[in-house]
Amino acid sequence: MGERNDRELLLISACLFGLDTNYKGENKRLEKLEELLKDYILIPVCPEQLGGLETPRVSAEIETGKIGNDVLEGKARVMREDGKDVTENFVRGAQQTLTICKILGIKKALLKERSPSCGVNVIYDGTFSRKLKKGEGVTTALLRQHSVEVFSEEELDKLLRC
Ligand code: SF4
């Protein structure tokens, strides 16, 4: 397929890779996945599954006015739409994802925008009304704390070499 022989490792949200991991049991496979594979060895992960959540699952959002770092600092919760607190699952999933990065020496990640785990620049605002707020998800926040550079699928061009 014409891949380079100096391909860098890139962590990628499993749903962007084409795995049916999202809360509906569906994927959001990238159109340019093949192009990305020429430049990178992709390591797919789903932090919410790694945190012990089932698939499909009830959707969850970070509380209104709060973002991923607040969750990591214990100042905010991640709540399911039905009112169940799933904060612990989200924090565990972020930690497990970081463990993968540390073991493999991964320095870059391509994560799914708007997700309460993987969101990079914006996430849903906590009201379950599809409104967005500025900020990142719990996994993105933890990876950034450990110097992993995180991009969203809307910034894919920054990762492609040509
Ligand atoms: S947690 Fe991340 S990888 Fe998993 S389905 Fe949600 S956006 Fe995709």
# chains A, B, ... in the order shown; residues from 1 in each chain; ligands from 1

$ closest_atom_pairs --of "chain A" --to "ligand 1" --cutoff "7 Å" --atoms "only C-alpha atoms and all ligand atoms" --output "tab-separated table"
residue	atom	partner	partner_atom_place_in_ligand_line	distance
A:Ser13	CA	ligand 1	3 (S)	3.8
A:Ala14	CA	ligand 1	3 (S)	4.4
A:Cys15	CA	ligand 1	8 (Fe)	4.3
A:Leu16	CA	ligand 1	8 (Fe)	6.6
A:Thr21	CA	ligand 1	5 (S)	4.5
A:Asn22	CA	ligand 1	5 (S)	3.3
A:Tyr23	CA	ligand 1	5 (S)	6.2
A:Val45	CA	ligand 1	3 (S)	5.9
A:Cys46	CA	ligand 1	4 (Fe)	3.7
A:Pro47	CA	ligand 1	1 (S)	4.8
A:Glu48	CA	ligand 1	1 (S)	4.5
A:Gln49	CA	ligand 1	4 (Fe)	6.5
A:Leu111	CA	ligand 1	2 (Fe)	6.7
A:Lys112	CA	ligand 1	7 (S)	4.8
A:Ser115	CA	ligand 1	7 (S)	5.1
A:Ser117	CA	ligand 1	1 (S)	5.2
A:Cys118	CA	ligand 1	2 (Fe)	4.6

$ write_last_selection --atoms "C-alpha atoms" --output "PDB file, in the first residue's frame"
ATOM      1  CA  SER A  13      -9.867   6.695  18.773  1.00  0.00           C
ATOM      2  CA  ALA A  14     -11.152   3.221  17.961  1.00  0.00           C
ATOM      3  CA  CYS A  15     -14.346   4.622  16.415  1.00  0.00           C
ATOM      4  CA  LEU A  16     -12.282   6.711  13.951  1.00  0.00           C
ATOM      5  CA  THR A  21     -17.218   1.322  19.832  1.00  0.00           C
ATOM      6  CA  ASN A  22     -19.347   4.419  20.219  1.00  0.00           C
ATOM      7  CA  TYR A  23     -22.326   4.666  22.538  1.00  0.00           C
ATOM      8  CA  VAL A  45      -8.186   2.474  21.680  1.00  0.00           C
ATOM      9  CA  CYS A  46     -11.602   3.233  23.121  1.00  0.00           C
ATOM     10  CA  PRO A  47     -11.145   4.833  26.547  1.00  0.00           C
ATOM     11  CA  GLU A  48     -14.779   4.292  27.504  1.00  0.00           C
ATOM     12  CA  GLN A  49     -14.547   0.559  26.840  1.00  0.00           C
ATOM     13  CA  LEU A 111      -9.017  11.561  18.942  1.00  0.00           C
ATOM     14  CA  LYS A 112     -12.708  12.032  18.235  1.00  0.00           C
ATOM     15  CA  SER A 115     -16.687  13.139  22.985  1.00  0.00           C
ATOM     16  CA  SER A 117     -13.496  11.167  26.684  1.00  0.00           C
ATOM     17  CA  CYS A 118     -11.811  11.955  23.402  1.00  0.00           C
TER      18      CYS A 118
END

$ residues_around --residues "Leu104 of chain A" --least-positions-apart "4" --cutoff "9 Å" --atoms "only C-alpha atoms" --output "number ranges by chain"
A: 9, 99-100

$ select_by_dssp --residues "chain A" --states "strand (DSSP E or B)" --output "PyMOL selection string"
chain A and resi 8-13+40-45+60-62+78-80+85+108-111+114+122-124+132-134+149-152

$ residues_around --residues "segment 81-97 of chain A" --least-positions-apart "4" --cutoff "6 Å" --atoms "only C-alpha atoms" --output "PyMOL selection string"
chain A and resi 47-48+50-51+59-60+77+139

$ residues_around --residues "Glu8 of chain A" --least-positions-apart "5" --cutoff "7 Å" --atoms "only C-alpha atoms" --output "PDB file with N, CA and C atoms, in the first residue's frame"
ATOM      1  N   ASP A  39       1.569   6.902   6.674  1.00  0.00           N
ATOM      2  CA  ASP A  39       2.510   7.674   7.490  1.00  0.00           C
ATOM      3  C   ASP A  39       2.653   7.170   8.928  1.00  0.00           C
ATOM      4  N   TYR A  40       1.662   6.424   9.422  1.00  0.00           N
ATOM      5  CA  TYR A  40       1.650   6.058  10.841  1.00  0.00           C
ATOM      6  C   TYR A  40       1.272   4.598  11.046  1.00  0.00           C
ATOM      7  N   ILE A  41       1.782   4.042  12.144  1.00  0.00           N
ATOM      8  CA  ILE A  41       1.272   2.773  12.663  1.00  0.00           C
ATOM      9  C   ILE A  41       0.196   3.151  13.668  1.00  0.00           C
TER      10      ILE A  41
END

$ select_by_dssp --residues "segment 54-162 of chain A" --states "helix (DSSP H, G or I)" --output "ChimeraX atom specification"
/A:68-72,87-104,138-145,153-158

$ residues_around --residues "Phe128 of chain A" --least-positions-apart "3" --cutoff "10 Å" --atoms "only C-alpha atoms" --output "ChimeraX atom specification"
/A:59-62,64,80-81,124-125,131-132

$ atom_distance --atom1 "atom CA of Ser152 of chain A" --atom2 "atom CA of Arg7 of chain A"
19.5 Å

$ residues_around --residues "Gly119 of chain A" --least-positions-apart "5" --cutoff "6 Å" --atoms "only C-alpha atoms" --output "list in words"
Lys112, Glu113, Arg114, Glu136 and Gly137 of chain A

$ write_last_selection --atoms "N, CA and C atoms" --output "mmCIF file, in the first residue's frame"
data_model
loop_
_atom_site.group_PDB
_atom_site.id
_atom_site.type_symbol
_atom_site.label_atom_id
_atom_site.label_comp_id
_atom_site.auth_asym_id
_atom_site.auth_seq_id
_atom_site.Cartn_x
_atom_site.Cartn_y
_atom_site.Cartn_z
ATOM 1 N N LYS A 112 -11.405 11.640 18.793
ATOM 2 C CA LYS A 112 -12.708 12.032 18.235
ATOM 3 C C LYS A 112 -13.259 13.294 18.902
ATOM 4 N N GLU A 113 -13.428 14.323 18.087
ATOM 5 C CA GLU A 113 -13.954 15.600 18.582
ATOM 6 C C GLU A 113 -15.343 15.432 19.201
ATOM 7 N N ARG A 114 -15.606 16.213 20.226
ATOM 8 C CA ARG A 114 -16.904 16.342 20.911
ATOM 9 C C ARG A 114 -17.197 15.275 21.974
ATOM 10 N N GLU A 136 -11.800 20.076 26.484
ATOM 11 C CA GLU A 136 -11.404 18.745 26.040
ATOM 12 C C GLU A 136 -12.023 17.681 26.938
ATOM 13 N N GLY A 137 -12.025 16.449 26.445
ATOM 14 C CA GLY A 137 -12.527 15.328 27.219
ATOM 15 C C GLY A 137 -11.511 14.847 28.251
#
